[in-house]
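Chemist: One file is attached below, structure-v1.txt, containing compact mmCIF, C-alpha atoms.
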# COMPACT_ATOMS: atom_id res chain seq x y z
CA MET A 1 182.73 26.53 58.80
CA LEU A 2 183.60 25.34 55.32
CA ARG A 3 182.10 22.44 53.39
CA PRO A 4 185.44 20.76 52.45
CA ALA A 5 186.19 20.30 56.13
CA LEU A 6 182.89 18.43 56.60
CA THR A 7 183.84 15.94 53.88
CA ALA A 8 187.35 15.52 55.26
CA LEU A 9 186.09 14.70 58.74
CA THR A 10 183.57 12.07 57.66
CA ALA A 11 185.68 9.27 59.09
CA LEU A 12 185.84 11.00 62.46
CA LEU A 13 182.10 11.54 62.57
CA ALA A 14 181.49 7.88 61.84
CA ALA A 15 183.60 7.05 64.89
CA ALA A 16 182.01 9.66 67.18
CA PRO A 17 181.20 8.15 70.57
CA ALA A 18 177.92 8.21 72.39
CA LEU A 19 177.80 10.88 75.07
CA ALA A 20 180.21 9.00 77.28
CA ALA A 21 181.88 10.25 80.40
CA ALA A 22 184.89 12.45 79.73
CA PRO A 23 188.19 11.17 81.13
CA GLU A 24 188.44 12.30 84.73
CA ALA A 25 192.17 12.89 84.33
CA ASP A 26 191.68 15.80 81.92
CA GLY A 27 190.28 18.49 84.20
CA LYS A 28 191.91 21.32 82.23
CA SER A 29 189.55 22.02 79.35
CA ALA A 30 186.01 22.87 78.31
CA VAL A 31 184.01 23.02 75.10
CA VAL A 32 182.54 26.36 74.04
CA LEU A 33 179.68 26.24 71.51
CA MET A 34 178.87 29.13 69.16
CA TYR A 35 175.55 29.86 67.45
CA HIS A 36 174.21 32.83 65.49
CA ARG A 37 170.54 32.51 64.45
CA PHE A 38 167.85 30.12 65.64
CA GLY A 39 164.94 28.91 63.50
CA GLU A 40 165.66 31.44 60.75
CA THR A 41 165.40 29.08 57.79
CA GLY A 42 166.75 30.33 54.50
CA ILE A 43 170.09 31.37 56.05
CA PRO A 44 171.64 27.95 56.72
CA SER A 45 175.24 29.16 57.00
CA THR A 46 174.49 31.09 60.21
CA ASN A 47 171.28 29.41 61.35
CA ILE A 48 170.50 26.36 63.47
CA ARG A 49 167.06 24.88 62.99
CA THR A 50 164.91 24.95 66.10
CA GLU A 51 164.60 21.17 66.20
CA GLN A 52 168.38 20.85 65.89
CA PHE A 53 168.95 23.21 68.80
CA GLU A 54 166.40 21.37 70.94
CA ARG A 55 168.16 18.12 70.11
CA HIS A 56 171.52 19.62 71.17
CA LEU A 57 170.06 20.54 74.54
CA GLU A 58 168.57 17.08 74.93
CA LEU A 59 171.93 15.46 74.20
CA LEU A 60 173.66 17.68 76.76
CA ALA A 61 171.06 16.83 79.39
CA GLN A 62 171.12 13.12 78.62
CA GLY A 63 174.90 13.07 78.75
CA GLY A 64 175.13 14.79 82.13
CA PHE A 65 177.06 17.77 80.81
CA HIS A 66 177.62 20.83 82.97
CA VAL A 67 176.48 23.98 81.11
CA VAL A 68 178.22 26.85 82.88
CA PRO A 69 178.72 30.60 82.37
CA LEU A 70 181.42 31.35 79.83
CA ALA A 71 183.17 33.66 82.29
CA GLU A 72 183.76 30.72 84.64
CA ILE A 73 185.61 28.80 81.92
CA ALA A 74 187.70 31.81 80.92
CA SER A 75 188.60 32.53 84.53
CA ALA A 76 189.60 28.93 85.23
CA ILE A 77 191.80 28.76 82.14
CA LYS A 78 193.57 32.01 82.99
CA ALA A 79 194.12 30.99 86.61
CA GLY A 80 195.03 27.40 85.87
CA ARG A 81 192.19 26.09 88.04
CA PRO A 82 190.71 22.63 87.44
CA ILE A 83 187.65 22.45 85.21
CA PRO A 84 185.13 19.67 85.87
CA PRO A 85 184.88 17.05 83.09
CA LYS A 86 182.04 17.51 80.59
CA THR A 87 181.92 21.29 81.03
CA VAL A 88 180.28 23.27 78.22
CA ALA A 89 179.37 26.93 77.61
CA ILE A 90 176.83 28.24 75.09
CA THR A 91 177.52 31.47 73.20
CA VAL A 92 175.60 33.44 70.56
CA ASP A 93 177.11 36.00 68.19
CA ASP A 94 175.58 39.12 66.62
CA ALA A 95 172.44 39.64 68.76
CA TYR A 96 169.84 38.41 66.32
CA ALA A 97 166.34 38.57 67.79
CA SER A 98 165.93 34.79 67.61
CA ALA A 99 168.41 34.50 70.49
CA LEU A 100 165.63 35.99 72.64
CA THR A 101 162.59 34.38 71.04
CA VAL A 102 163.94 30.87 70.36
CA ALA A 103 167.18 30.13 72.21
CA TRP A 104 166.78 31.80 75.57
CA PRO A 105 163.36 30.37 76.55
CA ARG A 106 164.71 26.87 75.98
CA LEU A 107 167.90 27.49 77.91
CA LYS A 108 166.10 29.30 80.72
CA ALA A 109 163.69 26.39 81.13
CA ARG A 110 166.68 24.16 81.86
CA GLY A 111 168.37 26.71 84.11
CA TRP A 112 171.32 26.98 81.71
CA PRO A 113 173.29 30.20 81.06
CA MET A 114 174.00 31.92 77.76
CA THR A 115 176.48 34.57 76.64
CA ILE A 116 175.52 36.82 73.73
CA PHE A 117 178.17 38.88 71.92
CA VAL A 118 176.77 42.17 70.65
CA ALA A 119 178.06 44.53 67.94
CA THR A 120 176.65 47.85 69.15
CA ASP A 121 176.20 49.76 65.88
CA ALA A 122 173.61 47.27 64.59
CA VAL A 123 171.58 47.75 67.78
CA ASP A 124 171.93 51.54 67.68
CA GLN A 125 170.77 51.58 64.06
CA GLY A 126 167.71 49.44 64.76
CA THR A 127 168.82 46.88 62.20
CA HIS A 128 165.96 44.59 61.16
CA GLY A 129 166.08 41.24 62.90
CA TYR A 130 168.37 42.41 65.70
CA LEU A 131 167.68 42.85 69.37
CA THR A 132 166.97 46.30 70.76
CA TRP A 133 168.62 47.84 73.80
CA ASP A 134 165.39 47.30 75.74
CA GLN A 135 165.47 43.62 74.88
CA LEU A 136 169.14 43.37 75.82
CA ARG A 137 168.37 45.00 79.15
CA GLN A 138 165.67 42.41 79.73
CA LEU A 139 168.03 39.57 78.86
CA GLN A 140 170.67 41.00 81.16
CA LYS A 141 168.11 41.27 83.96
CA ASP A 142 167.16 37.65 83.24
CA GLY A 143 170.74 36.51 83.80
CA VAL A 144 172.13 36.43 80.24
CA ALA A 145 175.76 37.55 80.05
CA ILE A 146 176.43 40.30 77.49
CA GLY A 147 179.76 40.22 75.69
CA ALA A 148 181.35 42.69 73.28
CA HIS A 149 181.62 42.05 69.54
CA SER A 150 183.09 45.43 68.46
CA ALA A 151 181.09 48.47 67.38
CA THR A 152 180.89 47.95 63.61
CA HIS A 153 181.41 44.17 63.33
CA ALA A 154 184.68 45.00 61.62
CA HIS A 155 187.26 42.77 59.96
CA MET A 156 189.57 43.40 62.89
CA ALA A 157 192.49 41.48 61.40
CA LYS A 158 192.83 44.44 59.02
CA GLU A 159 193.14 46.92 61.89
CA THR A 160 196.07 48.27 63.83
CA ALA A 161 196.16 48.04 67.62
CA THR A 162 195.01 51.67 67.80
CA GLU A 163 192.09 51.08 65.44
CA ALA A 164 191.05 47.93 67.27
CA ALA A 165 191.23 49.69 70.62
CA GLY A 166 189.01 52.44 69.20
CA GLU A 167 186.40 49.87 68.11
CA MET A 168 186.44 48.31 71.56
CA THR A 169 186.26 51.64 73.39
CA ARG A 170 183.38 52.92 71.27
CA ALA A 171 181.42 49.73 71.83
CA ASN A 172 182.14 49.75 75.56
CA ASP A 173 180.95 53.34 75.85
CA ARG A 174 177.62 52.29 74.38
CA PHE A 175 177.36 49.32 76.74
CA LYS A 176 178.04 51.58 79.71
CA ALA A 177 175.40 54.05 78.56
CA GLU A 178 172.72 51.45 77.83
CA LEU A 179 173.46 48.55 80.20
CA GLY A 180 175.36 50.26 83.00
CA ALA A 181 178.70 48.47 82.52
CA ALA A 182 181.13 47.36 79.86
CA PRO A 183 181.45 43.63 79.13
CA THR A 184 184.45 41.67 80.35
CA LEU A 185 184.44 39.18 77.45
CA PHE A 186 185.01 39.80 73.75
CA ALA A 187 184.47 37.81 70.53
CA TYR A 188 186.26 38.74 67.30
CA PRO A 189 183.83 39.33 64.41
CA TYR A 190 184.21 36.57 61.82
CA GLY A 191 186.77 35.02 64.19
CA GLU A 192 189.45 37.19 62.57
CA ALA A 193 192.37 38.60 64.54
CA ASN A 194 196.02 39.53 64.31
CA ARG A 195 198.70 40.06 66.92
CA GLU A 196 197.78 43.74 67.30
CA THR A 197 194.06 43.16 67.83
CA ILE A 198 194.75 40.30 70.25
CA ALA A 199 197.01 42.63 72.22
CA ALA A 200 194.30 45.30 72.23
CA ALA A 201 191.75 42.80 73.55
CA GLY A 202 194.20 41.83 76.27
CA LYS A 203 194.27 45.41 77.51
CA THR A 204 190.49 45.79 77.48
CA TYR A 205 188.87 42.46 78.41
CA THR A 206 189.52 39.50 80.68
CA ALA A 207 189.28 37.00 77.78
CA ALA A 208 188.48 36.90 74.06
CA PHE A 209 187.19 34.23 71.70
CA GLY A 210 187.61 33.38 68.05
CA GLN A 211 185.68 31.06 65.74
CA HIS A 212 188.30 28.35 65.26
CA SER A 213 187.29 24.83 66.18
CA GLY A 214 188.95 23.38 69.23
CA VAL A 215 188.73 22.79 72.95
CA ALA A 216 189.50 25.71 75.29
CA ALA A 217 192.27 24.50 77.54
CA ALA A 218 194.97 25.42 80.01
CA GLY A 219 197.93 26.84 78.13
CA ASP A 220 195.81 28.48 75.42
CA ASP A 221 196.08 32.21 74.77
CA PRO A 222 193.16 33.55 76.87
CA TYR A 223 192.68 36.30 74.29
CA PHE A 224 192.19 33.94 71.35
CA LEU A 225 190.24 30.99 72.72
CA PRO A 226 188.48 28.52 70.40
CA ARG A 227 184.80 27.83 69.94
CA PHE A 228 183.01 25.16 67.94
CA ALA A 229 180.61 26.81 65.49
CA LEU A 230 177.25 25.18 64.76
CA ASN A 231 174.81 25.75 61.93
CA GLU A 232 172.34 23.75 59.83
CA HIS A 233 175.12 22.00 57.89
CA TYR A 234 177.28 21.38 60.96
CA GLY A 235 174.57 20.69 63.52
CA ASP A 236 173.77 17.00 63.11
CA ASP A 237 173.88 14.59 66.05
CA ASP A 238 177.15 12.91 65.06
CA ARG A 239 179.12 16.14 64.84
CA PHE A 240 177.56 17.47 68.03
CA LYS A 241 178.52 14.32 69.94
CA LEU A 242 182.02 14.50 68.52
CA ILE A 243 182.68 18.07 69.59
CA VAL A 244 181.11 18.05 73.06
CA ASN A 245 183.16 14.96 73.85
CA ALA A 246 186.36 16.44 72.41
CA LEU A 247 189.58 16.89 74.36
CA PRO A 248 192.41 19.31 73.59
CA ILE A 249 195.68 18.70 71.86
CA PRO A 250 198.05 20.67 74.13
CA VAL A 251 200.12 22.82 71.77
CA THR A 252 203.27 24.90 72.11
CA ASP A 253 205.72 26.51 69.65
CA LEU A 254 202.93 27.29 67.19
CA SER A 255 203.94 28.51 63.74
CA PRO A 256 202.81 30.88 62.38
CA ALA A 257 201.84 32.50 65.67
CA ASP A 258 199.93 35.31 63.97
CA PRO A 259 196.47 34.21 62.73
CA THR A 260 196.77 36.76 59.90
CA LEU A 261 198.93 35.15 57.25
CA ALA A 262 201.98 36.53 55.48
CA THR A 263 202.28 33.55 53.12
CA ASN A 264 199.69 31.31 51.47
CA PRO A 265 199.71 28.40 52.05
CA PRO A 266 201.31 28.74 55.47
CA ALA A 267 204.08 26.53 56.84
CA PHE A 268 201.95 25.38 59.74
CA GLY A 269 203.31 23.45 62.68
CA PHE A 270 203.25 22.95 66.42
CA THR A 271 204.73 20.84 69.19
CA VAL A 272 202.49 18.58 71.28
CA ALA A 273 203.36 19.75 74.76
CA ASP A 274 202.25 16.76 76.84
CA ASP A 275 204.31 13.58 76.43
CA ALA A 276 201.35 11.57 77.71
CA VAL A 277 199.23 12.56 74.68
CA SER A 278 199.46 9.86 72.02
CA MET A 279 200.13 11.08 68.49
CA ARG A 280 199.19 7.77 66.89
CA GLY A 281 196.58 8.38 64.21
CA LEU A 282 197.03 12.18 64.11
CA LYS A 283 195.65 13.76 60.94
CA CYS A 284 195.31 17.36 59.83
CA PHE A 285 192.75 18.82 57.43
CA SER A 286 192.80 22.06 55.46
CA SER A 287 189.69 23.86 54.23
CA ALA A 288 191.54 24.22 50.91
CA GLU A 289 192.24 20.56 50.23
CA GLY A 290 190.92 18.18 52.88
CA GLU A 291 193.49 15.89 54.47
CA THR A 292 197.00 17.32 54.27
CA ARG A 293 200.45 15.78 54.33
CA THR A 294 201.48 15.72 57.98
CA GLU A 295 205.03 15.04 59.17
CA LEU A 296 205.80 13.92 62.72
CA LEU A 297 209.26 14.88 63.96
CA GLY A 298 209.28 13.53 67.47
CA ARG A 299 206.66 15.61 69.27
CA ARG A 300 206.68 18.17 66.45
CA VAL A 301 203.84 18.26 63.89
CA GLU A 302 204.49 19.88 60.51
CA VAL A 303 201.56 20.35 58.12
CA ARG A 304 202.36 20.58 54.42
CA MET A 305 199.60 22.05 52.26
CA ASP A 306 199.76 21.55 48.49
CA LYS A 307 197.02 24.09 47.75
CA PRO A 308 196.74 27.70 48.97
CA PHE A 309 193.63 28.96 50.71
CA GLY A 310 191.30 30.39 48.08
CA THR A 311 189.11 32.56 50.34
CA THR A 312 189.55 35.36 52.85
CA ARG A 313 189.61 32.85 55.72
CA GLY A 314 191.22 29.44 55.87
CA ARG A 315 191.12 26.68 58.46
CA ILE A 316 193.36 23.86 59.58
CA ASN A 317 192.00 21.24 61.98
CA CYS A 318 194.13 18.49 63.50
CA THR A 319 192.64 15.50 65.30
CA VAL A 320 193.98 12.41 67.03
CA PRO A 321 192.20 9.55 68.81
CA GLY A 322 192.11 10.10 72.56
CA PRO A 323 191.19 7.99 75.57
CA ASP A 324 187.89 6.18 76.00
CA GLY A 325 186.72 6.78 72.43
CA HIS A 326 187.11 10.55 72.60
CA TRP A 327 188.95 12.62 70.00
CA ARG A 328 191.55 15.30 70.65
CA TRP A 329 191.18 18.38 68.48
CA TYR A 330 193.23 21.47 67.66
CA GLY A 331 192.07 24.04 65.13
CA ARG A 332 193.26 27.34 63.72
CA LEU A 333 191.49 29.98 61.62
CA PHE A 334 193.58 32.28 59.45
CA TYR A 335 192.75 35.60 57.83
CA LEU A 336 194.32 36.29 54.44
CA PRO A 337 195.02 39.98 53.72
CA GLU A 338 194.73 41.26 50.17
CA GLY A 339 198.36 40.71 49.24
CA VAL A 340 198.22 37.08 50.35
CA ARG A 341 194.82 35.83 49.19
CA GLN A 342 194.12 34.54 45.69
CA PRO A 343 193.46 37.16 42.97
CA GLY A 344 189.87 38.35 42.80
CA VAL A 345 188.90 37.26 46.33
CA LYS A 346 187.28 40.08 48.31
CA ASP A 347 186.30 40.36 51.99
CA ASP A 348 182.96 38.68 52.63
Represent the structure contained in this file as structure tokens.
Modeler:
Amino acid sequence: MLRPALTALTALLAAAPALAAAPEADGKSAVVLMYHRFGETGIPSTNIRTEQFERHLELLAQGGFHVVPLAEIASAIKAGRPIPPKTVAITVDDAYASALTVAWPRLKARGWPMTIFVATDAVDQGTHGYLTWDQLRQLQKDGVAIGAHSATHAHMAKETATEAAGEMTRANDRFKAELGAAPTLFAYPYGEANRETIAAAGKTYTAAFGQHSGVAAAGDDPYFLPRFALNEHYGDDDRFKLIVNALPIPVTDLSPADPTLATNPPAFGFTVADDAVSMRGLKCFSSAEGETRTELLGRRVEVRMDKPFGTTRGRINCTVPGPDGHWRWYGRLFYLPEGVRQPGVKDD
């Protein structure tokens, strides 16, 4: 979540609808929300304030949204089954203790599920501020789904398929020893992946999730599904309404297909797969420069960036007005290896 993107999307936020009914004709997508810390002020980039989180839950309840287990969404997408309109899942990365003390009591009181993605080394090492295995066992007993987040919280886009598989196996061995079973769902640390790590996840889990903004939909790669990240800067009412009401842009022929870049800036493009999806008003935004030059060649979208990404991770988000005041959204997060990123930029 990068500040330039917030500025670039101001116009969209101003037009965000109230929590209106999602178009009944969609039935193929769901919104997955991602949090890290709760009520841990002083760390705004990965924290949501308690009052913000409570407001999010109120908006979901007021809007009649269906908060369902993440595994149900993943299974429906893989099988091509219909997904009820206004379906949402809530996920938490990194197993900070505030997931237990702040988030879960509020979700449990509403009867809503949560999935928490755990990097096992931090738990094994008793890292300050993290959950313990005893606490994770209690959450699991309470109905919280436990997902895998690697062993070391590695930059997995730097790893080969063999290295990534080793991370996943080592983490799963710890889950089996402590919780009795290995998770079926995986989330890439930092949202970073490459073709090799995505392939490794496909051999180990039933679905995997990144940290790129977008709506999880039929036709997406089930081993690199999007999630909307929320924190103090990106947790206001307008943005929340925008994303929970979002619909997908159905994409095919994506270029580059690998989320780890070989050139910077990338020659980014895709084809809008559904002829019924209007492309009128489509705009794309880069975390490096805000709104980009976007060319429409029939159903083909070509994004032309003038500035390279200047960090280890870059984002492109494309949006277009959809039916009934909703917005369609497609996002991509890219990892920039050392030979591609700007000089002097190190992994964060």
Chemist: Of the candidates A:Val272, A:Ala187, A:Gln52, A:Arg315, which shows the shortest atom-to-atom distance to Gly298 in chain A, using only C-alpha atoms?
Modeler: A:Val272
Chemist: For a quick check of understanding, using only C-alpha atoms, which of A:Gly281, A:Gly210, A:Gly235, A:Gly310 has the smallest distance to Gly331 in chain A?
Modeler: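 Closest candidate: A:Gly210.
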Chemist: Can you tell me how far CA of Asp238 in chain A sits from CA of Arg55 in chain A, in Å to one decimal?
Modeler: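 Going from CA of Asp238 in chain A over to CA of Arg55 in chain A, I get 11.6 Å.
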Chemist: Would you kindly return, as JSON, numbers by chain, each protein, DNA or RNA residue with an atom no farther than 7 Å from any atom of Ala97 in chain A, considering only C-alpha atoms and excluding same-chain residues fewer than 3 positions away?
Modeler: {"A": [100, 101, 129, 130, 131]}
Chemist: Hey, could you make a per-residue contact list for range 312-348 of chain A against range 144-161 of chain A with 12 Å as the cut-off, showing the nearest pair of atoms and its distance in Å to one decimal, counting only C-alpha atoms, sorted by chain and number, as JSON lines?
Modeler:
{"residue": "A:Thr312", "atom": "CA", "partner": "A:His155", "partner_atom": "CA", "distance": 10.5}
{"residue": "A:Arg313", "atom": "CA", "partner": "A:Ala157", "partner_atom": "CA", "distance": 10.7}
{"residue": "A:Leu333", "atom": "CA", "partner": "A:Ala157", "partner_atom": "CA", "distance": 11.5}
{"residue": "A:Phe334", "atom": "CA", "partner": "A:Ala157", "partner_atom": "CA", "distance": 9.5}
{"residue": "A:Tyr335", "atom": "CA", "partner": "A:Ala157", "partner_atom": "CA", "distance": 6.9}
{"residue": "A:Leu336", "atom": "CA", "partner": "A:Ala157", "partner_atom": "CA", "distance": 8.9}
{"residue": "A:Pro337", "atom": "CA", "partner": "A:Lys158", "partner_atom": "CA", "distance": 7.3}
{"residue": "A:Glu338", "atom": "CA", "partner": "A:Lys158", "partner_atom": "CA", "distance": 9.6}
{"residue": "A:Gly339", "atom": "CA", "partner": "A:Lys158", "partner_atom": "CA", "distance": 11.8}
{"residue": "A:Lys346", "atom": "CA", "partner": "A:His155", "partner_atom": "CA", "distance": 12.0}
{"residue": "A:Asp347", "atom": "CA", "partner": "A:His155", "partner_atom": "CA", "distance": 8.4}
{"residue": "A:Asp348", "atom": "CA", "partner": "A:His155", "partner_atom": "CA", "distance": 9.4}
Chemist: Each residue of range 189-226 of chain A with at least one atom at most 12 Å from range 56-73 of chain A should appear once, together with its nearest atom pair and the corresponding distance in Å (one decimal); atoms considered: all atoms listed in the file; ordering: chain, then increasing residue number; output as a Markdown table.
Modeler:
| residue | atom | partner | partner_atom | distance |
| --- | --- | --- | --- | --- |
| A:Tyr205 | CA | A:Ala71 | CA | 11.2 |
| A:Thr206 | CA | A:Ala71 | CA | 8.8 |
| A:Ala207 | CA | A:Ala71 | CA | 8.3 |
| A:Ala208 | CA | A:Ala71 | CA | 10.3 |
| A:Phe209 | CA | A:Leu70 | CA | 10.4 |
| A:Val215 | CA | A:Ile73 | CA | 11.2 |
| A:Ala216 | CA | A:Ile73 | CA | 8.3 |
| A:Ala217 | CA | A:Ile73 | CA | 9.1 |
| A:Ala218 | CA | A:Ile73 | CA | 10.1 |
| A:Pro222 | CA | A:Ile73 | CA | 10.3 |
| A:Leu225 | CA | A:Ile73 | CA | 10.5 |
| A:Pro226 | CA | A:Ile73 | CA | 11.9 |
Chemist: Please report the interatomic distance between CA of Ser75 in chain A and CA of Phe175 in chain A in Å with one decimal.
Modeler: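 Distance reported for this atom pair: 21.7 Å.
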Chemist: Just checking: using all atoms listed in the file, which residue out of A:Phe240, A:Ala30, A:Ile77, A:Leu296 ends up closest to Tyr223 in chain A?
Modeler: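 Of A:Phe240, A:Ala30, A:Ile77, A:Leu296, the one nearest Tyr223 in chain A is A:Ile77, counting all atoms listed in the file.
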Chemist: How many Å lie between CA of Cys284 in chain A and CA of Asn47 in chain A, rounded to one decimal?
Modeler: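 Answer for the CA of Cys284 in chain A to CA of Asn47 in chain A separation: 26.9 Å.
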Chemist: Residues near Lys283 in chain A, anyone? I mean within 10 Å using all atoms listed in the file, not counting same-chain ones fewer than 6 positions away, as a compact mmCIF listing (two decimals) with C-alpha atoms, keeping the file's coordinate frame.
Modeler:
# COMPACT_ATOMS: atom_id res chain seq x y z
CA LEU A 9 186.09 14.70 58.74
CA GLU A 291 193.49 15.89 54.47
CA THR A 292 197.00 17.32 54.27
CA ARG A 293 200.45 15.78 54.33
CA THR A 294 201.48 15.72 57.98
CA GLU A 295 205.03 15.04 59.17
CA VAL A 301 203.84 18.26 63.89
CA VAL A 303 201.56 20.35 58.12
CA ASN A 317 192.00 21.24 61.98
CA CYS A 318 194.13 18.49 63.50
CA THR A 319 192.64 15.50 65.30
CA VAL A 320 193.98 12.41 67.03
CA PRO A 321 192.20 9.55 68.81
CA TRP A 329 191.18 18.38 68.48
